[in-house]
$ cat final.cif   # mmCIF, C-alpha atoms
data_coords
loop_
_atom_site.label_atom_id
_atom_site.label_comp_id
_atom_site.auth_asym_id
_atom_site.auth_seq_id
_atom_site.Cartn_x
_atom_site.Cartn_y
_atom_site.Cartn_z
CA MET A 64 -15.59 -11.54 -35.16
CA THR A 65 -18.26 -11.02 -32.48
CA GLU A 66 -19.07 -7.50 -31.33
CA LEU A 67 -21.42 -6.05 -28.73
CA LEU A 68 -21.99 -2.41 -27.87
CA LEU A 69 -23.20 -1.52 -24.37
CA LYS A 70 -24.99 1.78 -24.91
CA ASN A 71 -25.67 4.81 -22.73
CA ALA A 72 -24.47 3.58 -19.35
CA ASP A 73 -25.45 6.08 -16.67
CA THR A 74 -22.20 5.58 -14.73
CA VAL A 75 -19.11 3.48 -15.43
CA LEU A 76 -16.75 2.76 -12.54
CA THR A 77 -13.70 1.70 -14.51
CA MET A 78 -11.25 0.78 -11.73
CA ASP A 79 -8.57 1.59 -14.32
CA ASP A 80 -5.19 3.01 -13.37
CA ASP A 81 -6.73 6.48 -12.95
CA ARG A 82 -9.90 5.17 -11.25
CA ARG A 83 -12.01 7.09 -13.78
CA GLU A 84 -15.76 7.41 -13.31
CA LEU A 85 -17.53 8.06 -16.60
CA SER A 86 -21.09 9.15 -17.40
CA ALA A 87 -23.32 8.50 -20.42
CA VAL A 88 -20.79 6.38 -22.32
CA ASN A 89 -20.74 3.30 -24.53
CA ILE A 90 -18.46 0.28 -24.25
CA ARG A 91 -17.51 -1.80 -27.28
CA LEU A 92 -16.72 -5.49 -26.74
CA ARG A 93 -15.06 -7.47 -29.52
CA ASP A 94 -13.86 -11.08 -29.38
CA GLY A 95 -13.72 -11.12 -25.58
CA VAL A 96 -11.87 -7.80 -25.18
CA ILE A 97 -12.88 -4.20 -24.46
CA THR A 98 -11.91 -2.31 -27.61
CA GLU A 99 -13.38 1.15 -27.04
CA ILE A 100 -15.02 3.28 -24.35
CA GLY A 101 -16.56 6.58 -25.40
CA THR A 102 -19.59 8.49 -26.60
CA ASP A 103 -21.45 8.26 -29.93
CA LEU A 104 -20.08 4.81 -30.76
CA GLU A 105 -21.80 2.73 -33.43
CA THR A 106 -21.66 -0.96 -34.29
CA SER A 107 -22.72 -3.40 -36.97
CA GLY A 108 -23.03 -6.04 -34.23
CA GLU A 109 -25.47 -6.36 -31.36
CA THR A 110 -26.37 -3.57 -28.93
CA LEU A 111 -27.59 -3.66 -25.33
CA SER A 112 -28.95 -0.67 -23.49
CA ALA A 113 -27.15 0.12 -20.23
CA ARG A 114 -29.43 3.04 -19.43
CA GLY A 115 -30.37 3.11 -15.75
CA CYS A 116 -27.32 1.03 -14.87
CA VAL A 117 -24.04 1.42 -13.06
CA VAL A 118 -21.39 -0.56 -14.92
CA THR A 119 -18.44 -2.09 -13.06
CA PRO A 120 -15.77 -4.66 -13.79
CA GLY A 121 -16.91 -8.16 -12.94
CA LEU A 122 -16.25 -8.97 -9.30
CA VAL A 123 -13.45 -11.40 -8.41
CA ASN A 124 -13.79 -14.13 -5.78
CA THR A 125 -10.40 -15.18 -4.41
CA HIS A 126 -11.44 -17.97 -2.01
CA HIS A 127 -14.23 -20.53 -2.07
CA HIS A 128 -15.02 -24.17 -1.36
CA LEU A 129 -17.73 -24.76 -3.94
CA TYR A 130 -18.52 -28.29 -2.79
CA GLN A 131 -19.82 -26.91 0.51
CA SER A 132 -22.96 -25.52 -1.13
CA LEU A 133 -24.41 -29.00 -0.48
CA THR A 134 -23.99 -28.57 3.29
CA ARG A 135 -25.46 -25.19 4.16
CA ALA A 136 -26.85 -24.60 7.63
CA VAL A 137 -26.03 -28.10 8.92
CA PRO A 138 -27.48 -28.08 12.47
CA GLY A 139 -24.41 -29.50 14.22
CA GLY A 140 -22.14 -26.86 12.72
CA GLN A 141 -24.33 -23.78 12.90
CA ASP A 142 -22.88 -22.47 16.16
CA ALA A 143 -19.47 -24.14 16.24
CA LEU A 144 -16.00 -22.61 16.11
CA LEU A 145 -13.72 -23.54 13.21
CA PHE A 146 -12.25 -26.82 14.46
CA GLY A 147 -15.55 -28.12 15.85
CA TRP A 148 -17.33 -27.02 12.69
CA LEU A 149 -14.86 -29.03 10.60
CA GLN A 150 -15.25 -32.12 12.77
CA THR A 151 -19.03 -31.93 12.30
CA LEU A 152 -18.83 -31.71 8.53
CA TYR A 153 -15.93 -34.00 7.62
CA PRO A 154 -18.04 -37.21 7.95
CA ILE A 155 -20.71 -35.75 5.67
CA TRP A 156 -18.19 -34.63 3.05
CA SER A 157 -16.64 -38.11 3.06
CA ARG A 158 -19.84 -39.36 1.37
CA PHE A 159 -19.45 -37.04 -1.64
CA GLY A 160 -18.53 -38.28 -5.10
CA PRO A 161 -18.15 -36.84 -8.61
CA GLU A 162 -21.83 -35.94 -8.99
CA GLU A 163 -21.89 -34.03 -5.69
CA MET A 164 -18.76 -32.10 -6.67
CA PHE A 165 -20.13 -31.21 -10.11
CA VAL A 166 -23.60 -30.13 -9.04
CA SER A 167 -22.46 -28.19 -5.95
CA ALA A 168 -19.94 -26.32 -8.13
CA GLN A 169 -22.68 -25.43 -10.61
CA ILE A 170 -24.83 -24.04 -7.80
CA GLY A 171 -21.98 -22.14 -6.17
CA LEU A 172 -20.80 -20.58 -9.42
CA ALA A 173 -24.33 -19.66 -10.49
CA GLU A 174 -24.87 -17.92 -7.15
CA LEU A 175 -21.63 -16.02 -7.61
CA ALA A 176 -22.55 -15.00 -11.15
CA LEU A 177 -25.88 -13.60 -9.99
CA SER A 178 -23.95 -11.44 -7.51
CA GLY A 179 -21.79 -9.95 -10.27
CA CYS A 180 -18.78 -12.31 -10.12
CA THR A 181 -16.96 -13.11 -13.37
CA LEU A 182 -13.79 -14.77 -12.01
CA SER A 183 -13.67 -17.21 -9.12
CA SER A 184 -11.03 -19.34 -7.52
CA ASP A 185 -11.91 -22.57 -5.72
CA HIS A 186 -10.06 -24.54 -3.06
CA LEU A 187 -10.96 -28.22 -3.32
CA TYR A 188 -8.94 -30.21 -0.78
CA LEU A 189 -10.84 -33.50 -0.45
CA TYR A 190 -11.49 -36.12 -3.11
CA PRO A 191 -13.70 -38.91 -1.77
CA ASN A 192 -15.17 -41.75 -3.82
CA GLY A 193 -13.52 -40.92 -7.13
CA ALA A 194 -14.14 -37.16 -7.10
CA ARG A 195 -11.56 -35.07 -8.99
CA LEU A 196 -10.78 -31.43 -9.64
CA ASP A 197 -11.98 -32.13 -13.19
CA ASP A 198 -15.58 -32.23 -11.89
CA THR A 199 -15.53 -28.59 -10.82
CA ILE A 200 -13.76 -27.46 -13.99
CA ALA A 201 -16.52 -29.07 -16.05
CA ALA A 202 -19.13 -27.19 -13.99
CA ALA A 203 -17.38 -23.86 -14.52
CA ARG A 204 -17.30 -24.42 -18.27
CA GLU A 205 -21.06 -24.95 -18.33
CA ILE A 206 -21.76 -21.82 -16.26
CA GLY A 207 -19.24 -19.76 -18.26
CA LEU A 208 -17.25 -18.14 -15.44
CA ARG A 209 -13.52 -17.56 -15.57
CA PHE A 210 -12.14 -20.15 -13.15
CA HIS A 211 -9.03 -20.60 -11.00
CA PRO A 212 -9.43 -24.02 -9.34
CA THR A 213 -6.71 -25.09 -6.93
CA ARG A 214 -5.70 -28.69 -6.30
CA GLY A 215 -5.96 -28.84 -2.53
CA SER A 216 -4.98 -31.71 -0.28
CA MET A 217 -4.93 -33.16 3.22
CA SER A 218 -2.34 -35.72 4.31
CA ILE A 219 -2.44 -35.84 8.14
CA GLY A 220 -5.47 -37.71 9.47
CA GLU A 221 -6.75 -38.30 12.98
CA SER A 222 -4.52 -41.31 13.55
CA ASP A 223 -1.46 -39.08 13.02
CA GLY A 224 -2.72 -36.25 15.22
CA GLY A 225 -4.47 -34.29 12.48
CA LEU A 226 -8.02 -32.96 12.37
CA PRO A 227 -9.58 -34.74 9.34
CA PRO A 228 -10.65 -38.39 9.42
CA ASP A 229 -8.20 -40.80 7.82
CA SER A 230 -10.68 -41.53 5.02
CA LEU A 231 -10.26 -37.99 3.67
CA VAL A 232 -6.47 -37.81 3.57
CA ALA A 233 -4.13 -39.11 0.90
CA ARG A 234 -0.52 -40.18 0.46
CA GLU A 235 1.68 -37.19 -0.25
CA ALA A 236 3.29 -38.82 -3.28
CA ASP A 237 -0.18 -39.39 -4.77
CA ILE A 238 -1.14 -35.78 -4.03
CA LEU A 239 1.86 -34.38 -5.84
CA GLU A 240 1.33 -36.73 -8.77
CA ASP A 241 -2.27 -35.54 -9.20
CA CYS A 242 -1.17 -31.90 -8.89
CA ILE A 243 1.10 -32.48 -11.87
CA ARG A 244 -1.74 -34.16 -13.78
CA VAL A 245 -4.28 -31.37 -13.36
CA VAL A 246 -1.78 -28.58 -14.06
CA ASP A 247 -0.65 -30.32 -17.25
CA ALA A 248 -4.23 -31.03 -18.30
CA PHE A 249 -5.95 -27.72 -17.57
CA HIS A 250 -3.65 -24.80 -16.72
CA ASP A 251 -3.57 -21.99 -19.29
CA SER A 252 -0.99 -19.28 -18.66
CA SER A 253 -1.97 -17.13 -21.64
CA GLU A 254 -3.64 -13.73 -21.35
CA GLY A 255 -7.41 -14.09 -21.30
CA ALA A 256 -7.22 -17.66 -19.99
CA MET A 257 -10.53 -19.12 -18.83
CA VAL A 258 -8.87 -21.73 -16.56
CA ARG A 259 -5.74 -21.48 -14.45
CA VAL A 260 -4.83 -24.13 -11.89
CA GLY A 261 -3.09 -23.58 -8.55
CA ILE A 262 -1.61 -25.89 -5.92
CA ALA A 263 -3.16 -25.60 -2.47
CA PRO A 264 -2.46 -27.84 0.53
CA CYS A 265 -5.44 -27.26 2.80
CA SER A 266 -3.80 -25.79 5.88
CA PRO A 267 -0.76 -26.12 8.15
CA PHE A 268 -2.82 -28.35 10.48
CA SER A 269 -3.83 -30.90 7.83
CA VAL A 270 -0.61 -31.44 5.83
CA SER A 271 3.02 -32.01 6.76
CA ARG A 272 5.86 -29.53 6.64
CA GLU A 273 7.35 -31.65 3.85
CA LEU A 274 4.23 -31.42 1.69
CA MET A 275 4.07 -27.65 2.16
CA ARG A 276 7.68 -27.36 1.01
CA ASP A 277 7.30 -29.83 -1.87
CA ALA A 278 4.12 -28.10 -3.05
CA ALA A 279 5.96 -24.78 -3.21
CA LEU A 280 8.81 -26.31 -5.19
CA LEU A 281 6.38 -27.98 -7.59
CA ALA A 282 4.34 -24.83 -8.10
CA ARG A 283 7.44 -22.82 -8.96
CA ASP A 284 8.62 -25.51 -11.34
CA LYS A 285 5.22 -25.47 -13.07
CA LYS A 286 4.89 -21.66 -12.81
CA VAL A 287 1.50 -21.79 -11.09
CA MET A 288 0.23 -20.10 -7.95
CA LEU A 289 0.11 -21.35 -4.36
CA HIS A 290 -2.80 -21.05 -1.95
CA THR A 291 -3.71 -22.17 1.58
CA HIS A 292 -5.49 -21.08 4.77
CA LEU A 293 -3.44 -19.05 7.25
CA ALA A 294 -3.91 -17.33 10.61
CA GLU A 295 -7.67 -17.75 10.51
CA ASN A 296 -8.43 -17.56 14.23
CA ASP A 297 -6.90 -17.85 17.71
CA GLU A 298 -6.94 -21.67 17.56
CA ASP A 299 -4.92 -21.45 14.37
CA ILE A 300 -2.28 -19.26 16.03
CA ARG A 301 -2.02 -21.52 19.08
CA TYR A 302 -1.64 -24.60 16.88
CA SER A 303 1.20 -22.98 14.93
CA GLN A 304 3.04 -21.88 18.06
CA GLU A 305 2.66 -25.26 19.77
CA LYS A 306 3.46 -27.46 16.75
CA PHE A 307 5.96 -25.32 14.85
CA GLY A 308 7.33 -22.98 17.51
CA CYS A 309 6.46 -19.86 15.52
CA ARG A 310 3.60 -17.76 14.23
CA PRO A 311 1.90 -18.70 10.92
CA GLY A 312 3.61 -15.94 8.94
CA GLN A 313 7.05 -17.17 9.97
CA TYR A 314 6.07 -20.76 9.16
CA ALA A 315 4.92 -19.69 5.71
CA GLU A 316 8.11 -17.74 5.06
CA ASP A 317 10.34 -20.60 6.21
CA LEU A 318 8.70 -23.02 3.75
CA GLY A 319 8.71 -20.74 0.71
CA TRP A 320 5.08 -19.71 1.06
CA THR A 321 5.49 -15.98 0.51
CA GLY A 322 5.86 -14.09 -2.75
CA PRO A 323 3.80 -12.66 -5.61
CA ASP A 324 2.75 -16.19 -6.65
CA VAL A 325 1.17 -16.92 -3.24
CA TRP A 326 -2.10 -15.90 -1.67
CA HIS A 327 -3.43 -16.91 1.74
CA ALA A 328 -7.05 -17.12 2.85
CA HIS A 329 -8.36 -15.26 5.92
CA CYS A 330 -5.26 -13.87 7.68
CA VAL A 331 -7.54 -12.57 10.44
CA LYS A 332 -4.79 -12.75 13.05
CA LEU A 333 -1.78 -11.39 11.16
CA ASP A 334 0.38 -9.16 13.36
CA ASP A 335 2.33 -6.07 12.25
CA ARG A 336 5.44 -8.05 11.35
CA GLU A 337 3.47 -10.49 9.21
CA ILE A 338 1.70 -7.64 7.44
CA ARG A 339 5.08 -6.09 6.58
CA LEU A 340 6.32 -9.49 5.41
CA PHE A 341 3.36 -9.87 3.06
CA ALA A 342 3.74 -6.32 1.77
CA ASP A 343 7.47 -6.64 1.13
CA SER A 344 7.15 -10.05 -0.55
CA GLY A 345 4.07 -9.29 -2.66
CA THR A 346 2.04 -12.03 -0.95
CA GLY A 347 -1.74 -11.74 -1.43
CA VAL A 348 -4.64 -12.14 1.00
CA ALA A 349 -8.18 -13.44 0.40
CA HIS A 350 -10.36 -11.59 2.91
CA CYS A 351 -13.54 -13.50 3.83
CA PRO A 352 -15.53 -11.20 6.12
CA CYS A 353 -18.86 -13.06 6.29
CA SER A 354 -17.25 -16.41 7.04
CA ASN A 355 -15.03 -14.79 9.67
CA CYS A 356 -18.18 -13.40 11.31
CA ARG A 357 -20.11 -16.66 10.97
CA LEU A 358 -17.34 -18.68 12.69
CA GLY A 359 -16.51 -15.96 15.22
CA SER A 360 -12.92 -15.74 13.97
CA GLY A 361 -12.59 -11.97 14.21
CA ILE A 362 -12.10 -8.95 11.96
CA ALA A 363 -9.12 -9.12 9.62
CA PRO A 364 -6.81 -6.07 9.72
CA VAL A 365 -7.67 -5.06 6.15
CA ARG A 366 -7.16 -1.36 6.78
CA ALA A 367 -3.64 -2.00 8.04
CA MET A 368 -2.96 -4.36 5.13
CA ARG A 369 -4.14 -1.86 2.55
CA ASP A 370 -2.16 0.94 4.14
CA ALA A 371 0.94 -1.27 3.99
CA ARG A 372 0.17 -2.06 0.31
CA VAL A 373 -0.60 -5.74 0.82
CA LYS A 374 -2.60 -7.15 -2.10
CA VAL A 375 -6.10 -7.85 -0.76
CA GLY A 376 -9.05 -9.45 -2.53
CA LEU A 377 -12.39 -10.79 -1.34
CA GLY A 378 -13.61 -14.35 -0.87
CA VAL A 379 -17.03 -15.69 0.01
CA ASP A 380 -15.36 -18.82 1.47
CA GLY A 381 -17.31 -22.05 1.63
CA SER A 382 -21.07 -22.01 1.59
CA ALA A 383 -21.02 -24.13 4.76
CA SER A 384 -19.11 -21.44 6.69
CA ASN A 385 -20.92 -18.49 5.12
CA ASP A 386 -24.17 -20.09 3.99
CA ALA A 387 -24.23 -17.65 1.09
CA GLY A 388 -22.11 -16.94 -1.97
CA ASN A 389 -23.06 -13.36 -2.75
CA LEU A 390 -19.88 -11.43 -3.53
CA VAL A 391 -21.39 -7.95 -3.63
CA LEU A 392 -22.73 -8.50 -0.11
CA GLU A 393 -19.25 -9.67 0.86
CA ALA A 394 -17.85 -6.35 -0.36
CA ARG A 395 -20.41 -4.44 1.70
CA GLN A 396 -19.61 -6.53 4.78
CA SER A 397 -15.91 -5.85 4.34
CA MET A 398 -16.58 -2.11 4.28
CA LEU A 399 -18.81 -2.26 7.35
CA LEU A 400 -16.42 -4.36 9.43
CA GLN A 401 -13.51 -2.02 8.80
CA ARG A 402 -15.74 0.83 9.96
CA VAL A 403 -16.67 -1.10 13.10
CA ALA A 404 -13.01 -1.70 13.86
CA ASN A 405 -11.52 1.62 12.78
CA GLY A 406 -14.23 4.27 12.45
CA ALA A 407 -16.79 5.37 9.88
CA ASP A 408 -14.13 6.86 7.60
CA ALA A 409 -11.99 3.70 7.56
CA MET A 410 -13.25 2.40 4.21
CA SER A 411 -15.40 3.98 1.52
CA ALA A 412 -17.88 2.17 -0.70
CA ARG A 413 -15.60 2.82 -3.67
CA GLU A 414 -12.55 1.34 -1.95
CA ALA A 415 -14.48 -1.78 -0.99
CA LEU A 416 -15.64 -2.15 -4.59
CA GLU A 417 -12.04 -1.75 -5.74
CA ILE A 418 -11.00 -4.61 -3.45
CA ALA A 419 -13.81 -6.72 -4.91
CA THR A 420 -12.72 -6.09 -8.52
CA ARG A 421 -9.21 -4.86 -9.26
CA GLY A 422 -7.93 -6.01 -5.86
CA GLY A 423 -9.00 -9.61 -6.38
CA ALA A 424 -7.66 -9.68 -9.92
CA ASP A 425 -4.27 -8.48 -8.67
CA VAL A 426 -4.21 -11.16 -5.94
CA LEU A 427 -4.76 -13.81 -8.64
CA ASN A 428 -2.15 -12.22 -10.91
CA ARG A 429 -4.76 -11.28 -13.51
CA PRO A 430 -3.98 -7.71 -14.62
CA ASP A 431 -6.10 -8.46 -17.71
CA CYS A 432 -9.20 -8.59 -15.47
CA GLY A 433 -10.77 -6.49 -12.71
CA ARG A 434 -10.77 -3.17 -14.57
CA LEU A 435 -12.60 -1.63 -17.51
CA ALA A 436 -10.08 -0.28 -20.02
CA VAL A 437 -9.22 -0.78 -23.65
CA GLY A 438 -7.36 -4.07 -24.08
CA LYS A 439 -8.70 -5.66 -20.89
CA ARG A 440 -10.97 -8.69 -20.89
CA ALA A 441 -14.68 -8.08 -21.43
CA ASP A 442 -15.75 -9.19 -17.92
CA ILE A 443 -18.46 -6.68 -17.08
CA ALA A 444 -21.32 -6.32 -14.57
CA LEU A 445 -24.36 -4.10 -15.15
CA TRP A 446 -26.27 -3.09 -12.01
CA ASP A 447 -29.80 -1.73 -12.39
CA VAL A 448 -30.02 1.30 -10.10
CA SER A 449 -33.58 2.22 -11.11
CA GLY A 450 -35.11 -0.11 -8.52
CA VAL A 451 -36.23 0.21 -4.94
CA GLU A 452 -32.77 -0.41 -3.45
CA SER A 453 -31.36 2.74 -5.02
CA ALA A 454 -34.46 4.93 -4.85
CA GLY A 455 -33.51 8.28 -3.34
CA SER A 456 -29.75 7.71 -3.65
CA TRP A 457 -27.76 10.88 -4.33
CA ASP A 458 -24.77 8.87 -5.52
CA PRO A 459 -25.75 5.89 -7.70
CA ALA A 460 -22.06 4.89 -7.92
CA ALA A 461 -22.08 4.09 -4.20
CA VAL A 462 -23.75 0.77 -4.98
CA LEU A 463 -22.45 -0.86 -1.78
CA LEU A 464 -24.33 1.69 0.29
CA ALA A 465 -27.57 1.81 -1.71
CA GLY A 466 -27.77 -0.58 -4.60
CA PRO A 467 -28.94 -3.97 -5.86
CA THR A 468 -27.44 -7.22 -4.65
CA ARG A 469 -28.25 -9.14 -7.84
CA VAL A 470 -26.69 -8.13 -11.14
CA LYS A 471 -28.90 -7.31 -14.14
CA HIS A 472 -26.51 -8.39 -16.89
CA LEU A 473 -23.13 -10.13 -16.65
CA PHE A 474 -20.57 -10.74 -19.38
CA VAL A 475 -17.52 -13.00 -19.19
CA GLU A 476 -15.07 -12.82 -22.10
CA GLY A 477 -17.82 -10.89 -23.88
CA ARG A 478 -20.34 -13.74 -23.52
CA GLN A 479 -23.53 -13.15 -21.57
CA VAL A 480 -23.80 -15.32 -18.45
CA VAL A 481 -26.60 -13.41 -16.67
CA LYS A 482 -29.46 -11.81 -18.60
CA ASP A 483 -32.17 -9.80 -16.87
CA SER A 484 -31.04 -11.17 -13.51
CA HIS A 485 -31.29 -14.83 -14.56
CA ILE A 486 -28.56 -17.31 -15.44
CA ALA A 487 -28.45 -17.53 -19.23
CA THR A 488 -26.17 -20.55 -19.65
CA ILE A 489 -27.85 -23.42 -17.77
CA ASP A 490 -31.32 -24.49 -16.65
CA LEU A 491 -30.84 -23.30 -13.07
CA PRO A 492 -34.18 -24.52 -11.64
CA ARG A 493 -33.34 -28.03 -12.82
CA VAL A 494 -29.88 -27.85 -11.20
CA ILE A 495 -31.38 -26.53 -7.94
CA GLU A 496 -33.78 -29.50 -7.90
CA ARG A 497 -30.86 -31.86 -8.44
CA GLN A 498 -28.86 -30.18 -5.67
CA ASN A 499 -31.74 -30.45 -3.21
CA ARG A 500 -32.17 -34.13 -4.08
CA LEU A 501 -28.50 -34.78 -3.32
CA ALA A 502 -28.74 -32.82 -0.06
CA ARG A 503 -31.71 -34.92 1.07
CA LYS A 504 -29.75 -38.07 0.25
CA LEU A 505 -26.84 -36.90 2.41
CA GLN A 506 -29.22 -36.31 5.32
CA SER A 507 -30.69 -39.81 5.19
#

$ encode --input "final.cif" --output "structure tokens"
Amino acid sequence: MTELLLKNADTVLTMDDDRRELSAVNIRLRDGVITEIGTDLETSGETLSARGCVVTPGLVNTHHHLYQSLTRAVPGGQDALLFGWLQTLYPIWSRFGPEEMFVSAQIGLAELALSGCTLSSDHLYLYPNGARLDDTIAAAREIGLRFHPTRGSMSIGESDGGLPPDSLVAREADILEDCIRVVDAFHDSSEGAMVRVGIAPCSPFSVSRELMRDAALLARDKKVMLHTHLAENDEDIRYSQEKFGCRPGQYAEDLGWTGPDVWHAHCVKLDDREIRLFADSGTGVAHCPCSNCRLGSGIAPVRAMRDARVKVGLGVDGSASNDAGNLVLEARQSMLLQRVANGADAMSAREALEIATRGGADVLNRPDCGRLAVGKRADIALWDVSGVESAGSWDPAAVLLAGPTRVKHLFVEGRQVVKDSHIATIDLPRVIERQNRLARKLQS
């Protein structure tokens, strides 16, 4: 038995069913689970002072492309719209291999951890030069984050009218075969699982209708989740209407891509009917505000989604379309954009934090995560509010308005991943040096 007592937290934002906010309390962690929250608790195990800290559930990232951390700020893609941005980067990504996938995932997950993230999904949809989903899973194990990788795919290349080069697409039979392999090898459906695998064709413009349908059938047979990009920008809508004769929401529904086991990334251009469809079917959305700003895609209708009771979580998206992987800043950006679109009272700091924690966990079907309550997993972020960012704040719990953007301590399954604002599980400077070396090689 391993036990840790977090002592004397100034404020605890539980995000539990009652959304309790507690003061001057202790939290007992035992064998990866929260076993007690209260005052005057004692332990025969280790203790850690939480004085001067706001304690929250670990943040949850519902959409990422970890491999893209090797291609940040590429000059040809800095000012491009989505399709042009992709066409700039595809040739570079085609030169990746297993090492690039592993190291870029380490960097991306470490960056997320430092921003308070304990659970991240990943959408890996290209596998050049022997790269496999296994490479990113190995990286997540070293960092220590809870991980939901998805086996993405592209099957329609340029010669067939698609966007990606032919070198980055694969035969659909081979794609489905590898989906079966990785689910059988890595997926853990049990409560407290550290790895769960999803199936995730890249987008309606890079795979066939048949692959979308077959992927949905396979996922339901294997009882895993489905993920893809949807309704990201105006180009996306036009493509759907021209190629499929309908809007993206209708296309998704027709192919079995709605339901509580499905979540879609972006959804910037959902209309009222599509929002109702997602609400009624339990379909989730990964909202990626910084990437949507970076690519000029627009402001997703998160306020309307939330009001309709659509499940919404946050995603940092790929580091090449965001150029950062800081999830707490993503939560702040989400709050600010909804205020720009709908008024200063459209979203509070607490609601945005709820989306970043409990909301993301619900999108990924992880009710054991995203909240601090007895029996839930010990995924916990401690934010030091004694520093300059919070100086003068009247409400320390409003960390998205006045608070740190790097976590002080982070625990995943009760194990410390960040200690005193540094990654505790790997030699991060060495990995950064390795990442930079690979980036220079790609530029040559």

$ resolve_selection --input "final.cif" --expression "the PyMOL selection byres ((chain A and resi 345) around 10)" --output "list in words"
Thr321, Gly322, Pro323, Asp324, Val325, Trp326, Arg339, Leu340, Phe341, Ala342, Asp343, Ser344, Thr346, Gly347, Val348, Arg372, Val373, Lys374 and Val426 of chain A

$ resolve_selection --input "final.cif" --expression "the PyMOL selection byres ((chain A and resi 102-119) around 6)" --output "list in words"
Glu66, Leu67, Leu68, Leu69, Lys70, Asn71, Ala72, Asp73, Thr74, Val75, Leu76, Val88, Asn89, Gly101, Pro120, Ala444, Leu445, Trp446, Asp447, Val448 and Ser449 of chain A

$ atom_distance --input "final.cif" --atom1 "CA of Ala465 (chain A)" --atom2 "CA of Glu452 (chain A)"
5.9 Å

$ resolve_selection --input "final.cif" --expression "the PyMOL selection byres ((chain A and resi 202-216) around 7)" --output "PyMOL selection string"
chain A and resi 165+168-169+172-173+181-189+196+198-201+217-218+238+242+257-265+475+480+488-489

$ write_last_selection --input "final.cif" --atoms "C-alpha atoms" --output "tab-separated table (two decimals), in the coordinates of the input"
chain	number	residue	atom	x	y	z
A	165	PHE	CA	-20.13	-31.21	-10.11
A	168	ALA	CA	-19.94	-26.32	-8.13
A	169	GLN	CA	-22.68	-25.43	-10.61
A	172	LEU	CA	-20.80	-20.58	-9.42
A	173	ALA	CA	-24.33	-19.66	-10.49
A	181	THR	CA	-16.96	-13.11	-13.37
A	182	LEU	CA	-13.79	-14.77	-12.01
A	183	SER	CA	-13.67	-17.21	-9.12
A	184	SER	CA	-11.03	-19.34	-7.52
A	185	ASP	CA	-11.91	-22.57	-5.72
A	186	HIS	CA	-10.06	-24.54	-3.06
A	187	LEU	CA	-10.96	-28.22	-3.32
A	188	TYR	CA	-8.94	-30.21	-0.78
A	189	LEU	CA	-10.84	-33.50	-0.45
A	196	LEU	CA	-10.78	-31.43	-9.64
A	198	ASP	CA	-15.58	-32.23	-11.89
A	199	THR	CA	-15.53	-28.59	-10.82
A	200	ILE	CA	-13.76	-27.46	-13.99
A	201	ALA	CA	-16.52	-29.07	-16.05
A	217	MET	CA	-4.93	-33.16	3.22
A	218	SER	CA	-2.34	-35.72	4.31
A	238	ILE	CA	-1.14	-35.78	-4.03
A	242	CYS	CA	-1.17	-31.90	-8.89
A	257	MET	CA	-10.53	-19.12	-18.83
A	258	VAL	CA	-8.87	-21.73	-16.56
A	259	ARG	CA	-5.74	-21.48	-14.45
A	260	VAL	CA	-4.83	-24.13	-11.89
A	261	GLY	CA	-3.09	-23.58	-8.55
A	262	ILE	CA	-1.61	-25.89	-5.92
A	263	ALA	CA	-3.16	-25.60	-2.47
A	264	PRO	CA	-2.46	-27.84	0.53
A	265	CYS	CA	-5.44	-27.26	2.80
A	475	VAL	CA	-17.52	-13.00	-19.19
A	480	VAL	CA	-23.80	-15.32	-18.45
A	488	THR	CA	-26.17	-20.55	-19.65
A	489	ILE	CA	-27.85	-23.42	-17.77

$ closest_atom_pairs --input "final.cif" --of "region 110-144 of chain A" --to "region 290-308 of chain A" --cutoff "10 Å" --atoms "only C-alpha atoms" --output "tab-separated table"
residue	atom	partner	partner_atom	distance
A:Thr125	CA	A:His290	CA	9.9
A:His126	CA	A:His290	CA	9.2
A:Leu144	CA	A:Glu298	CA	9.2

$ atom_distance --input "final.cif" --atom1 "CA of Ser354 (chain A)" --atom2 "CA of Ser167 (chain A)"
18.3 Å

$ closest_residue --input "final.cif" --among "A:Gln150, A:Ser266, A:Thr77, A:Ser252" --to "Leu416 (chain A)" --atoms "all atoms listed in the file"
A:Thr77

$ axis_aligned_box --input "final.cif" --around "region 68-77 of chain A" --padding-each-side "6 Å" --output "lines of an AutoDock Vina configuration file"
center_x = -19.7
center_y = 1.8
center_z = -20.2
size_x = 24.0
size_y = 20.5
size_z = 27.3

$ atom_distance --input "final.cif" --atom1 "CA of Thr134 (chain A)" --atom2 "CA of Leu377 (chain A)"
21.7 Å

$ residues_around --input "final.cif" --residues "Val365 (chain A)" --least-positions-apart "2" --cutoff "8 Å" --atoms "all atoms listed in the file" --output "ChimeraX atom specification"
/A:350,363,367-369,375,401

$ closest_residue --input "final.cif" --among "A:Pro311, A:Pro267, A:Gly95, A:Gly121" --to "Gly433 (chain A)" --atoms "only C-alpha atoms"
A:Gly121

$ closest_residue --input "final.cif" --among "A:Ile219, A:Leu505, A:Ala415, A:Leu491" --to "Pro352 (chain A)" --atoms "all atoms listed in the file"
A:Ala415

$ closest_residue --input "final.cif" --among "A:Ile90, A:Leu274, A:Val481, A:Val287" --to "Asp237 (chain A)" --atoms "only C-alpha atoms"
A:Leu274

$ closest_residue --input "final.cif" --among "A:His128, A:Lys332, A:Arg497, A:Arg395" --to "Arg413 (chain A)" --atoms "only C-alpha atoms"
A:Arg395

$ closest_residue --input "final.cif" --among "A:Leu435, A:Leu281, A:Ala502, A:Leu464" --to "Val391 (chain A)" --atoms "all atoms listed in the file"
A:Leu464
